[in-house]
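A.B. asks: What follows is final31.cif, mmCIF, C-alpha atoms.
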data_structure
loop_
_atom_site.label_atom_id
_atom_site.label_comp_id
_atom_site.auth_asym_id
_atom_site.auth_seq_id
_atom_site.Cartn_x
_atom_site.Cartn_y
_atom_site.Cartn_z
CA PRO A 1 -11.36 -49.83 -9.31
CA ALA A 2 -13.61 -49.53 -6.30
CA TRP A 3 -12.98 -46.10 -4.77
CA ASP A 4 -13.95 -45.27 -1.21
CA THR A 5 -16.43 -42.44 -0.92
CA LEU A 6 -14.65 -39.26 0.12
CA PRO A 7 -15.91 -37.60 3.31
CA VAL A 8 -16.15 -34.18 1.64
CA GLN A 9 -16.31 -32.70 -1.84
CA TYR A 10 -14.67 -29.54 -3.16
CA ALA A 11 -17.96 -27.68 -2.85
CA ASP A 12 -17.95 -28.53 0.88
CA TYR A 13 -14.51 -26.96 1.18
CA VAL A 14 -15.63 -23.82 -0.62
CA LEU A 15 -18.63 -23.40 1.68
CA TRP A 16 -16.49 -24.11 4.74
CA GLN A 17 -13.90 -21.50 3.71
CA ARG A 18 -16.60 -18.91 3.11
CA GLU A 19 -18.06 -19.63 6.52
CA LEU A 20 -14.61 -19.58 8.15
CA LEU A 21 -13.48 -16.26 6.69
CA GLY A 22 -16.77 -14.41 6.86
CA THR A 23 -17.19 -11.04 5.18
CA GLU A 24 -15.45 -7.69 5.23
CA ASP A 25 -18.66 -6.10 6.49
CA ASP A 26 -18.20 -7.92 9.78
CA PRO A 27 -15.40 -6.23 11.78
CA HIS A 28 -15.00 -9.38 13.89
CA SER A 29 -14.74 -11.80 10.96
CA GLU A 30 -11.75 -14.10 10.51
CA LEU A 31 -11.07 -12.40 7.17
CA ASN A 32 -10.63 -9.02 8.86
CA ARG A 33 -8.57 -10.56 11.67
CA GLN A 34 -6.14 -12.13 9.21
CA LEU A 35 -6.09 -9.00 7.08
CA THR A 36 -5.11 -6.93 10.12
CA PHE A 37 -2.29 -9.37 10.87
CA TRP A 38 -0.87 -9.13 7.35
CA LYS A 39 -1.13 -5.36 7.24
CA ASN A 40 0.96 -5.19 10.40
CA ALA A 41 3.37 -7.91 9.28
CA LEU A 42 4.11 -6.23 5.94
CA ARG A 43 3.98 -2.57 6.98
CA ASP A 44 6.82 -0.57 5.32
CA ALA A 45 8.19 -3.67 3.58
CA PRO A 46 10.29 -2.84 0.50
CA ASP A 47 8.41 -2.78 -2.79
CA GLN A 48 11.34 -4.33 -4.64
CA LEU A 49 14.55 -6.08 -3.65
CA GLU A 50 17.77 -4.75 -5.11
CA LEU A 51 19.50 -7.87 -6.41
CA PRO A 52 22.76 -8.21 -8.36
CA PHE A 53 21.07 -7.65 -11.72
CA ASP A 54 23.06 -7.83 -14.92
CA ARG A 55 20.59 -5.45 -16.63
CA PRO A 56 18.04 -2.84 -15.57
CA ARG A 57 14.50 -4.09 -15.16
CA PRO A 58 12.69 -3.61 -18.50
CA GLN A 59 9.41 -1.73 -18.52
CA ILE A 60 7.70 -4.59 -20.35
CA PRO A 61 8.98 -8.02 -19.24
CA THR A 62 9.40 -10.90 -21.67
CA HIS A 63 9.09 -13.50 -18.86
CA ARG A 64 11.94 -15.43 -20.46
CA GLY A 65 13.76 -17.54 -17.92
CA GLY A 66 16.24 -20.28 -17.30
CA ILE A 67 17.02 -22.86 -14.64
CA VAL A 68 20.28 -23.68 -12.90
CA ASP A 69 20.43 -27.04 -11.12
CA PHE A 70 22.50 -27.62 -8.00
CA ALA A 71 22.61 -30.12 -5.15
CA ILE A 72 23.07 -30.27 -1.39
CA ASP A 73 24.77 -33.56 -0.53
CA ARG A 74 23.51 -36.00 2.11
CA GLU A 75 25.99 -34.96 4.81
CA LEU A 76 25.28 -31.25 4.42
CA HIS A 77 21.53 -31.91 4.33
CA ALA A 78 21.78 -33.88 7.58
CA GLY A 79 23.72 -31.04 9.21
CA LEU A 80 21.14 -28.47 8.12
CA VAL A 81 18.25 -30.58 9.43
CA ALA A 82 20.05 -31.12 12.75
CA LEU A 83 20.67 -27.38 13.09
CA ALA A 84 17.01 -26.67 12.36
CA GLN A 85 15.82 -29.21 14.91
CA GLU A 86 18.02 -27.64 17.60
CA SER A 87 16.02 -24.44 17.11
CA GLY A 88 12.66 -26.19 16.89
CA ALA A 89 12.50 -25.28 13.20
CA SER A 90 11.84 -27.21 10.01
CA GLY A 91 14.05 -27.81 7.01
CA PHE A 92 12.00 -25.28 5.06
CA MET A 93 12.62 -22.60 7.71
CA ALA A 94 16.35 -23.31 7.57
CA VAL A 95 16.37 -22.90 3.78
CA GLN A 96 14.29 -19.73 4.04
CA ALA A 97 16.77 -18.27 6.55
CA ALA A 98 19.69 -19.27 4.31
CA VAL A 99 18.15 -17.54 1.27
CA ALA A 100 17.44 -14.39 3.31
CA ALA A 101 21.04 -14.35 4.57
CA LEU A 102 22.37 -14.87 1.04
CA LEU A 103 20.29 -12.04 -0.44
CA THR A 104 21.49 -9.73 2.33
CA ARG A 105 25.09 -10.63 1.47
CA LEU A 106 24.31 -9.94 -2.21
CA GLY A 107 23.22 -6.38 -1.41
CA ALA A 108 19.44 -6.72 -1.02
CA GLY A 109 19.39 -5.07 2.41
CA THR A 110 18.18 -6.46 5.72
CA ASP A 111 14.42 -6.52 5.05
CA ILE A 112 13.85 -9.56 2.82
CA PRO A 113 10.25 -10.44 1.83
CA LEU A 114 10.10 -13.93 0.28
CA GLY A 115 7.16 -15.64 -1.33
CA SER A 116 6.24 -19.20 -0.47
CA ALA A 117 3.42 -21.47 -1.55
CA ILE A 118 1.48 -23.34 1.11
CA ALA A 119 -0.56 -26.48 0.46
CA GLY A 120 -3.71 -25.18 2.12
CA ARG A 121 -4.93 -28.66 3.10
CA THR A 122 -5.39 -27.91 6.78
CA ASP A 123 -7.75 -30.83 7.46
CA GLU A 124 -7.12 -34.55 6.92
CA ALA A 125 -10.46 -34.78 5.14
CA LEU A 126 -8.90 -32.80 2.27
CA ASP A 127 -5.88 -35.08 1.76
CA HIS A 128 -7.34 -37.11 -1.11
CA LEU A 129 -9.64 -34.46 -2.51
CA ILE A 130 -8.93 -33.16 -6.01
CA GLY A 131 -8.96 -29.38 -6.16
CA PHE A 132 -6.89 -26.24 -5.88
CA PHE A 133 -6.03 -25.31 -2.29
CA ILE A 134 -2.62 -23.67 -2.66
CA ASN A 135 -2.16 -20.14 -1.35
CA THR A 136 0.87 -17.84 -1.42
CA LEU A 137 2.35 -16.36 1.75
CA VAL A 138 4.82 -13.49 2.13
CA LEU A 139 7.49 -14.38 4.69
CA ARG A 140 9.44 -11.32 5.76
CA GLY A 141 13.03 -12.06 6.74
CA ASP A 142 14.76 -9.74 9.20
CA THR A 143 18.55 -9.85 8.98
CA SER A 144 19.15 -6.51 10.72
CA GLY A 145 21.74 -6.23 13.48
CA ASP A 146 24.08 -8.75 11.84
CA PRO A 147 22.66 -11.82 13.65
CA SER A 148 24.27 -15.22 13.72
CA PHE A 149 22.56 -17.82 11.56
CA ARG A 150 21.23 -19.52 14.68
CA GLU A 151 19.60 -16.26 15.76
CA LEU A 152 18.29 -15.62 12.24
CA LEU A 153 16.78 -19.11 12.19
CA ALA A 154 14.94 -18.38 15.44
CA ARG A 155 13.56 -15.16 13.92
CA THR A 156 12.56 -17.03 10.77
CA ARG A 157 10.75 -19.70 12.78
CA GLU A 158 8.72 -17.08 14.64
CA THR A 159 7.79 -15.28 11.42
CA ALA A 160 6.86 -18.47 9.59
CA LEU A 161 4.70 -19.88 12.38
CA ALA A 162 2.78 -16.61 12.65
CA ALA A 163 2.24 -16.64 8.87
CA PHE A 164 1.03 -20.26 8.93
CA ASP A 165 -1.55 -19.28 11.56
CA HIS A 166 -2.92 -16.70 9.10
CA GLN A 167 -2.68 -18.67 5.86
CA ASP A 168 -6.34 -18.58 4.80
CA LEU A 169 -6.46 -15.03 3.42
CA PRO A 170 -6.14 -15.33 -0.39
CA PHE A 171 -3.00 -13.67 -1.72
CA ASN A 172 -4.85 -11.64 -4.35
CA ARG A 173 -7.10 -10.25 -1.60
CA LEU A 174 -4.01 -9.24 0.37
CA VAL A 175 -2.57 -7.41 -2.65
CA GLU A 176 -5.84 -5.54 -3.14
CA ALA A 177 -5.91 -4.51 0.53
CA LEU A 178 -2.27 -3.37 0.73
CA ASN A 179 -2.47 -1.77 -2.72
CA PRO A 180 1.28 -1.54 -3.42
CA GLU A 181 2.49 0.43 -6.40
CA ARG A 182 1.76 -1.87 -9.33
CA THR A 183 3.96 -2.22 -12.39
CA LEU A 184 3.95 -4.65 -15.29
CA ASN A 185 7.59 -5.58 -14.73
CA SER A 186 7.58 -6.54 -11.04
CA HIS A 187 5.59 -8.98 -8.92
CA PRO A 188 3.78 -7.27 -6.03
CA LEU A 189 4.96 -7.73 -2.41
CA PHE A 190 7.83 -10.08 -3.30
CA GLN A 191 10.05 -10.93 -6.26
CA VAL A 192 11.87 -13.98 -4.88
CA MET A 193 10.09 -17.28 -4.23
CA VAL A 194 11.32 -20.13 -2.02
CA ALA A 195 9.85 -23.61 -2.47
CA TYR A 196 10.69 -26.63 -0.32
CA ARG A 197 9.10 -30.04 -0.55
CA SER A 198 9.67 -33.70 0.07
CA ASP A 199 9.94 -36.17 -2.78
CA ALA A 200 8.94 -39.08 -0.56
CA GLY A 201 6.12 -41.08 -2.06
CA SER A 202 5.63 -38.72 -5.00
CA LEU A 203 6.38 -41.36 -7.64
CA PRO A 204 3.78 -44.06 -8.36
CA ARG A 205 4.75 -47.66 -7.54
CA LEU A 206 3.59 -49.79 -10.47
CA ALA A 207 4.18 -53.52 -10.72
CA GLY A 208 6.80 -54.38 -13.32
CA LEU A 209 7.61 -50.76 -14.12
CA ASP A 210 10.39 -48.41 -13.15
CA THR A 211 9.23 -44.82 -12.63
CA GLY A 212 11.20 -41.60 -12.68
CA THR A 213 10.84 -37.86 -13.07
CA HIS A 214 11.44 -36.03 -16.34
CA PRO A 215 11.46 -32.27 -15.79
CA VAL A 216 9.93 -30.12 -18.51
CA ARG A 217 11.77 -26.83 -18.98
CA THR A 218 9.35 -24.08 -19.99
CA HIS A 219 12.03 -21.36 -20.22
CA ILE A 220 9.57 -19.08 -18.43
CA ALA A 221 10.30 -17.22 -15.18
CA LYS A 222 7.41 -16.18 -12.96
CA PHE A 223 9.62 -14.21 -10.54
CA ASP A 224 13.06 -12.60 -10.48
CA LEU A 225 14.40 -15.70 -8.70
CA THR A 226 12.80 -18.93 -7.51
CA PHE A 227 14.76 -21.23 -5.21
CA GLU A 228 13.31 -24.76 -5.14
CA LEU A 229 14.77 -27.51 -2.97
CA VAL A 230 13.42 -31.04 -2.90
CA GLU A 231 14.22 -33.61 -0.21
CA ASN A 232 15.36 -36.80 -1.90
CA ASP A 233 13.48 -39.93 -0.95
CA SER A 234 15.20 -42.10 1.66
CA PRO A 235 13.75 -45.49 2.71
CA ASP A 236 14.76 -45.00 6.34
CA GLY A 237 13.50 -41.39 6.49
CA ARG A 238 16.94 -39.91 7.15
CA PRO A 239 18.24 -36.88 5.22
CA ASN A 240 19.36 -38.03 1.80
CA GLY A 241 20.39 -34.79 0.14
CA LEU A 242 18.50 -31.95 -1.52
CA SER A 243 17.98 -31.49 -5.24
CA GLY A 244 18.02 -27.78 -5.93
CA SER A 245 17.07 -25.56 -8.83
CA LEU A 246 17.23 -21.82 -9.29
CA GLU A 247 14.80 -20.37 -11.81
CA PHE A 248 15.91 -16.91 -12.95
CA SER A 249 14.51 -14.13 -15.08
CA ALA A 250 16.57 -13.79 -18.25
CA ASP A 251 15.45 -10.16 -18.46
CA LEU A 252 17.58 -9.46 -15.38
CA PHE A 253 20.23 -12.16 -15.01
CA ASP A 254 22.80 -13.91 -17.16
CA ARG A 255 23.12 -17.64 -16.64
CA GLU A 256 26.61 -17.16 -15.21
CA THR A 257 25.21 -14.85 -12.52
CA ALA A 258 22.47 -17.34 -11.64
CA GLU A 259 25.07 -20.11 -11.42
CA SER A 260 27.15 -18.00 -9.03
CA ILE A 261 24.07 -17.30 -6.84
CA ALA A 262 23.27 -21.02 -6.63
CA ALA A 263 26.88 -21.83 -5.79
CA ARG A 264 26.94 -19.16 -3.10
CA LEU A 265 23.80 -20.57 -1.48
CA GLU A 266 25.45 -23.99 -1.22
CA ARG A 267 28.62 -22.33 0.15
CA LEU A 268 26.62 -20.34 2.71
CA ILE A 269 24.71 -23.42 3.90
CA ARG A 270 27.97 -25.31 4.33
CA ALA A 271 29.40 -22.41 6.36
CA VAL A 272 26.40 -22.03 8.69
CA VAL A 273 26.19 -25.76 9.36
CA THR A 274 29.86 -25.72 10.35
CA SER A 275 29.66 -22.49 12.38
CA PRO A 276 26.04 -21.45 13.09
CA ASP A 277 27.03 -18.76 15.63
CA THR A 278 29.09 -16.73 13.15
CA PRO A 279 27.50 -13.36 12.19
CA ILE A 280 26.03 -13.60 8.72
CA THR A 281 28.21 -10.75 7.41
CA ALA A 282 31.29 -12.79 8.32
CA ILE A 283 30.17 -15.82 6.30
CA GLU A 284 32.36 -16.35 3.24
CA VAL A 285 30.18 -16.53 0.14
CA MET A 286 32.90 -16.02 -2.48
CA SER A 287 34.83 -18.86 -3.99
CA GLY A 288 38.60 -19.05 -3.69
CA SER A 289 39.06 -18.03 -7.33
CA GLU A 290 36.77 -15.01 -6.89
CA ARG A 291 38.72 -13.86 -3.84
CA THR A 292 42.06 -14.33 -5.62
CA ARG A 293 40.84 -12.31 -8.61
CA LEU A 294 39.58 -9.46 -6.42
CA LEU A 295 42.78 -9.36 -4.40
CA ALA A 296 44.79 -9.21 -7.61
CA LEU A 297 42.74 -6.24 -8.80
CA GLY A 298 43.53 -4.45 -5.55
CA SER A 299 47.28 -5.05 -5.58
CA GLY A 300 50.10 -3.11 -7.19
CA ALA A 301 52.09 0.04 -6.61
CA VAL A 302 50.55 2.70 -4.41
CA GLU A 303 50.79 6.19 -5.86
CA ARG A 304 50.23 9.33 -3.81
CA MET A 305 47.62 11.44 -5.54
CA ALA A 306 47.84 15.20 -5.74
CA ARG A 307 45.39 17.27 -3.73
CA ALA A 308 41.99 17.27 -5.37
CA ALA A 309 41.41 20.61 -7.05
CA SER A 310 38.07 22.28 -7.59
CA VAL A 311 36.62 22.79 -11.06
CA PRO A 312 37.35 26.56 -11.03
CA GLU A 313 40.95 25.86 -10.00
CA LEU A 314 41.39 23.31 -12.77
CA PHE A 315 39.90 25.78 -15.24
CA GLU A 316 42.31 28.53 -14.17
CA GLU A 317 45.25 26.15 -14.64
CA GLN A 318 44.03 25.36 -18.14
CA VAL A 319 43.71 29.09 -18.91
CA GLU A 320 47.38 29.53 -18.03
CA ARG A 321 48.45 26.53 -20.13
CA THR A 322 46.39 27.19 -23.27
CA PRO A 323 44.84 30.68 -23.17
CA ASP A 324 44.15 30.77 -26.91
CA ALA A 325 42.73 27.25 -27.28
CA LEU A 326 39.02 26.81 -28.00
CA ALA A 327 37.14 26.38 -24.70
CA LEU A 328 33.50 26.81 -25.68
CA SER A 329 31.30 26.86 -28.76
CA ALA A 330 27.63 27.82 -28.75
CA GLY A 331 26.06 28.24 -32.18
CA GLU A 332 28.34 30.60 -34.08
CA LEU A 333 30.02 31.88 -30.90
CA ARG A 334 33.56 30.66 -30.23
CA LEU A 335 35.38 31.50 -26.99
CA SER A 336 38.98 30.74 -26.08
CA TYR A 337 39.95 29.84 -22.52
CA ALA A 338 41.19 33.43 -21.95
CA GLU A 339 37.94 34.94 -23.28
CA LEU A 340 35.76 32.61 -21.24
CA ASP A 341 37.82 33.37 -18.15
CA ALA A 342 37.40 37.13 -18.71
CA ARG A 343 33.60 36.76 -19.02
CA ALA A 344 33.43 34.66 -15.86
CA ASN A 345 35.49 37.25 -13.95
CA ARG A 346 33.23 40.12 -15.08
CA LEU A 347 30.14 38.19 -13.87
CA ALA A 348 31.90 37.40 -10.58
CA ARG A 349 32.53 41.13 -9.94
CA VAL A 350 28.85 41.93 -10.66
CA LEU A 351 27.75 39.29 -8.15
CA MET A 352 30.23 40.48 -5.52
CA ALA A 353 28.98 44.04 -5.91
CA ALA A 354 25.46 42.71 -5.20
CA GLY A 355 26.65 41.20 -1.93
CA VAL A 356 27.18 37.61 -3.09
CA GLY A 357 29.93 35.75 -1.24
CA PRO A 358 31.04 32.19 -0.49
CA GLU A 359 28.12 29.79 0.21
CA SER A 360 25.57 32.32 -1.04
CA ARG A 361 22.71 30.88 -3.06
CA VAL A 362 21.92 32.59 -6.34
CA GLY A 363 18.82 31.82 -8.36
CA MET A 364 19.34 31.48 -12.12
CA LEU A 365 16.74 31.73 -14.87
CA MET A 366 18.57 31.30 -18.17
CA GLN A 367 18.29 29.34 -21.36
CA ARG A 368 21.07 27.00 -22.41
CA SER A 369 23.80 29.27 -23.73
CA ALA A 370 27.42 30.32 -23.33
CA ASP A 371 26.32 32.57 -20.48
CA VAL A 372 25.25 29.52 -18.43
CA VAL A 373 28.77 28.13 -18.64
#
Rewrite the structure from the file as structure tokens, please.
C.D. replies:
Amino acid sequence: PAWDTLPVQYADYVLWQRELLGTEDDPHSELNRQLTFWKNALRDAPDQLELPFDRPRPQIPTHRGGIVDFAIDRELHAGLVALAQESGASGFMAVQAAVAALLTRLGAGTDIPLGSAIAGRTDEALDHLIGFFINTLVLRGDTSGDPSFRELLARTRETALAAFDHQDLPFNRLVEALNPERTLNSHPLFQVMVAYRSDAGSLPRLAGLDTGTHPVRTHIAKFDLTFELVENDSPDGRPNGLSGSLEFSADLFDRETAESIAARLERLIRAVVTSPDTPITAIEVMSGSERTRLLALGSGAVERMARAASVPELFEEQVERTPDALALSAGELRLSYAELDARANRLARVLMAAGVGPESRVGMLMQRSADVV
């Protein structure tokens, strides 16, 4: 084939980026300007999100993972796009806001840092150039104050646009500058990734051949969770549904839990499209069967409980019931409830004689023994 000569080469891009960013030695360089922005944007962000894990995070991760597939139908996709357009936002921003709202509902708090990859091809001259341009951004979702989804989407749009304006700083350089506490078992700055892309034109058109995609499952998870949504190709350019996948860390989640998270995202999107002005804490993310099961667990006869007694009171009651029963053993020493009670009373009188009363603090320096009890 006769290829057209490209206007630039990858080496040109590298030189241009070096010239654009400048050096750290220059306080007025673009690198320092963007670094200042990110330091402010991520100040006091949580190191880790508390997600509905099935197991504690292991000290040494295996990176084993799995994928749960799900789908957003054409009608729901169209509603989400329309809602985004009303706020001047993109489909990606709407999905980002939906994931942030879902994680808040799952107990992750109201400060939700999400990772997102950005193409990095900021100039048309780079469109056909082979090379690695992708960078990773940290998009910090703010769900505080129980906003409606429409309000959350507006916040998300503002955050995303500001991040896109500062997308040139390499992610690894940002990590070095912020210097978060590093561990082998957790990705720095974010643990949940959101990916959103269009499938339009991604398949080659070859004469006489039908083409299709064949996903390769690696069974590897790079993050705790990765939400990926792909816009299905539509000849007329209208929303044609989203193909979704949720990659999960098998160190932390069972497949059933990942399936429930994916289902809840679809349920949340359906709810916000129907009622975008509802506060996010009022959005129903449970299924009907989950709600029925929980309500059943909370039903039944109501019994009035006796007044809660203190440990000393409970001990005294036991002394009266079984004074001769074994209460304590320490080495060869054996004390009945009556004997232990007598020792405790003698110590109490010594302390009272020293001026000790209710709410007094008494320091204790003792080895583990019967006397401690």
A.B. asks: Expand the PyMOL selection byres ((chain A and resi 226-234) around 8) into the explicit residue set it covers here, and present it as a list in words.
C.D. replies: Val192, Met193, Val194, Ala195, Tyr196, Arg197, Ser198, Asp199, Ala200, Gly201, Phe223, Asp224, Leu225, Pro235, Asp236, Gly237, Arg238, Pro239, Asn240, Gly241, Leu242, Ser243, Gly244, Ser245, Leu246, Glu247 and Phe248 of chain A
A.B. asks: Could you take the residues named above and write them with C-alpha atoms, as a CSV table (one decimal), in the coordinates of the input?
C.D. replies:
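Result written to part_25.csv:
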chain,number,residue,atom,x,y,z
A,192,VAL,CA,11.9,-14.0,-4.9
A,193,MET,CA,10.1,-17.3,-4.2
A,194,VAL,CA,11.3,-20.1,-2.0
A,195,ALA,CA,9.8,-23.6,-2.5
A,196,TYR,CA,10.7,-26.6,-0.3
A,197,ARG,CA,9.1,-30.0,-0.6
A,198,SER,CA,9.7,-33.7,0.1
A,199,ASP,CA,9.9,-36.2,-2.8
A,200,ALA,CA,8.9,-39.1,-0.6
A,201,GLY,CA,6.1,-41.1,-2.1
A,223,PHE,CA,9.6,-14.2,-10.5
A,224,ASP,CA,13.1,-12.6,-10.5
A,225,LEU,CA,14.4,-15.7,-8.7
A,235,PRO,CA,13.8,-45.5,2.7
A,236,ASP,CA,14.8,-45.0,6.3
A,237,GLY,CA,13.5,-41.4,6.5
A,238,ARG,CA,16.9,-39.9,7.2
A,239,PRO,CA,18.2,-36.9,5.2
A,240,ASN,CA,19.4,-38.0,1.8
A,241,GLY,CA,20.4,-34.8,0.1
A,242,LEU,CA,18.5,-32.0,-1.5
A,243,SER,CA,18.0,-31.5,-5.2
A,244,GLY,CA,18.0,-27.8,-5.9
A,245,SER,CA,17.1,-25.6,-8.8
A,246,LEU,CA,17.2,-21.8,-9.3
A,247,GLU,CA,14.8,-20.4,-11.8
A,248,PHE,CA,15.9,-16.9,-13.0
A.B. asks: Just say which residues the PyMOL selection byres ((chain A and resi 140) around 9) picks in this file, as number ranges by chain.
C.D. replies: A: 41-42, 45, 100, 111-115, 138-139, 141-142, 156, 159-160
A.B. asks: Please list as a PDB file with C-alpha atoms, keeping the file's coordinate frame every residue within 12 Å of region 19-30 of chain A, counting all atoms listed in the file and excluding residues in the same chain fewer than 2 positions away.
C.D. replies:
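And here is the file that came out, result-v2.pdb:
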ATOM      1  CA  ASP A  12     -17.950 -28.530   0.880  1.00  0.00           C
ATOM      2  CA  TYR A  13     -14.510 -26.960   1.180  1.00  0.00           C
ATOM      3  CA  VAL A  14     -15.630 -23.820  -0.620  1.00  0.00           C
ATOM      4  CA  LEU A  15     -18.630 -23.400   1.680  1.00  0.00           C
ATOM      5  CA  TRP A  16     -16.490 -24.110   4.740  1.00  0.00           C
ATOM      6  CA  GLN A  17     -13.900 -21.500   3.710  1.00  0.00           C
ATOM      7  CA  ASN A  32     -10.630  -9.020   8.860  1.00  0.00           C
ATOM      8  CA  ARG A  33      -8.570 -10.560  11.670  1.00  0.00           C
ATOM      9  CA  GLN A  34      -6.140 -12.130   9.210  1.00  0.00           C
ATOM     10  CA  LEU A  35      -6.090  -9.000   7.080  1.00  0.00           C
ATOM     11  CA  THR A  36      -5.110  -6.930  10.120  1.00  0.00           C
ATOM     12  CA  PHE A  37      -2.290  -9.370  10.870  1.00  0.00           C
ATOM     13  CA  ASP A 165      -1.550 -19.280  11.560  1.00  0.00           C
ATOM     14  CA  HIS A 166      -2.920 -16.700   9.100  1.00  0.00           C
ATOM     15  CA  GLN A 167      -2.680 -18.670   5.860  1.00  0.00           C
ATOM     16  CA  ASP A 168      -6.340 -18.580   4.800  1.00  0.00           C
ATOM     17  CA  LEU A 169      -6.460 -15.030   3.420  1.00  0.00           C
ATOM     18  CA  PRO A 170      -6.140 -15.330  -0.390  1.00  0.00           C
ATOM     19  CA  ARG A 173      -7.100 -10.250  -1.600  1.00  0.00           C
ATOM     20  CA  ALA A 177      -5.910  -4.510   0.530  1.00  0.00           C
TER      21      ALA A 177
END
A.B. asks: Can you translate the PyMOL selection byres ((chain A and resi 251) around 7) into the concrete residues it hits in this file, as a count of residues only?
C.D. replies: 8
A.B. asks: Report the distance between CA of Pro279 (chain A) and CA of Ala78 (chain A) in Å, rounded to one decimal place.
C.D. replies: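 Distance between the two atoms: 21.8 Å.
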A.B. asks: To one decimal in Å, tell me the separation between CA of Gly357 (chain A) and CA of Arg343 (chain A).
C.D. replies: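 That distance, rounded to one decimal, is 18.2 Å.
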A.B. asks: Could you pull the residues within 9 Å of region 281-290 of chain A, counting only C-alpha atoms, minus those fewer than 3 positions along the same chain, as a ChimeraX atom specification?
C.D. replies: /A:101-102,104-105,146-148,260,263-268,271-272,278,293-295
A.B. asks: Extract, using all atoms listed in the file, all DNA, RNA and protein residues at most 12 Å from Asp4 (chain A), discarding same-chain residues fewer than 4 positions from it, and format them as a count of residues only.
C.D. replies: 3
A.B. asks: At what distance in Å, to one decimal, does CA of Val68 (chain A) lie from CA of Gly212 (chain A)?
C.D. replies: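 CA of Val68 (chain A) lies 20.1 Å from CA of Gly212 (chain A).
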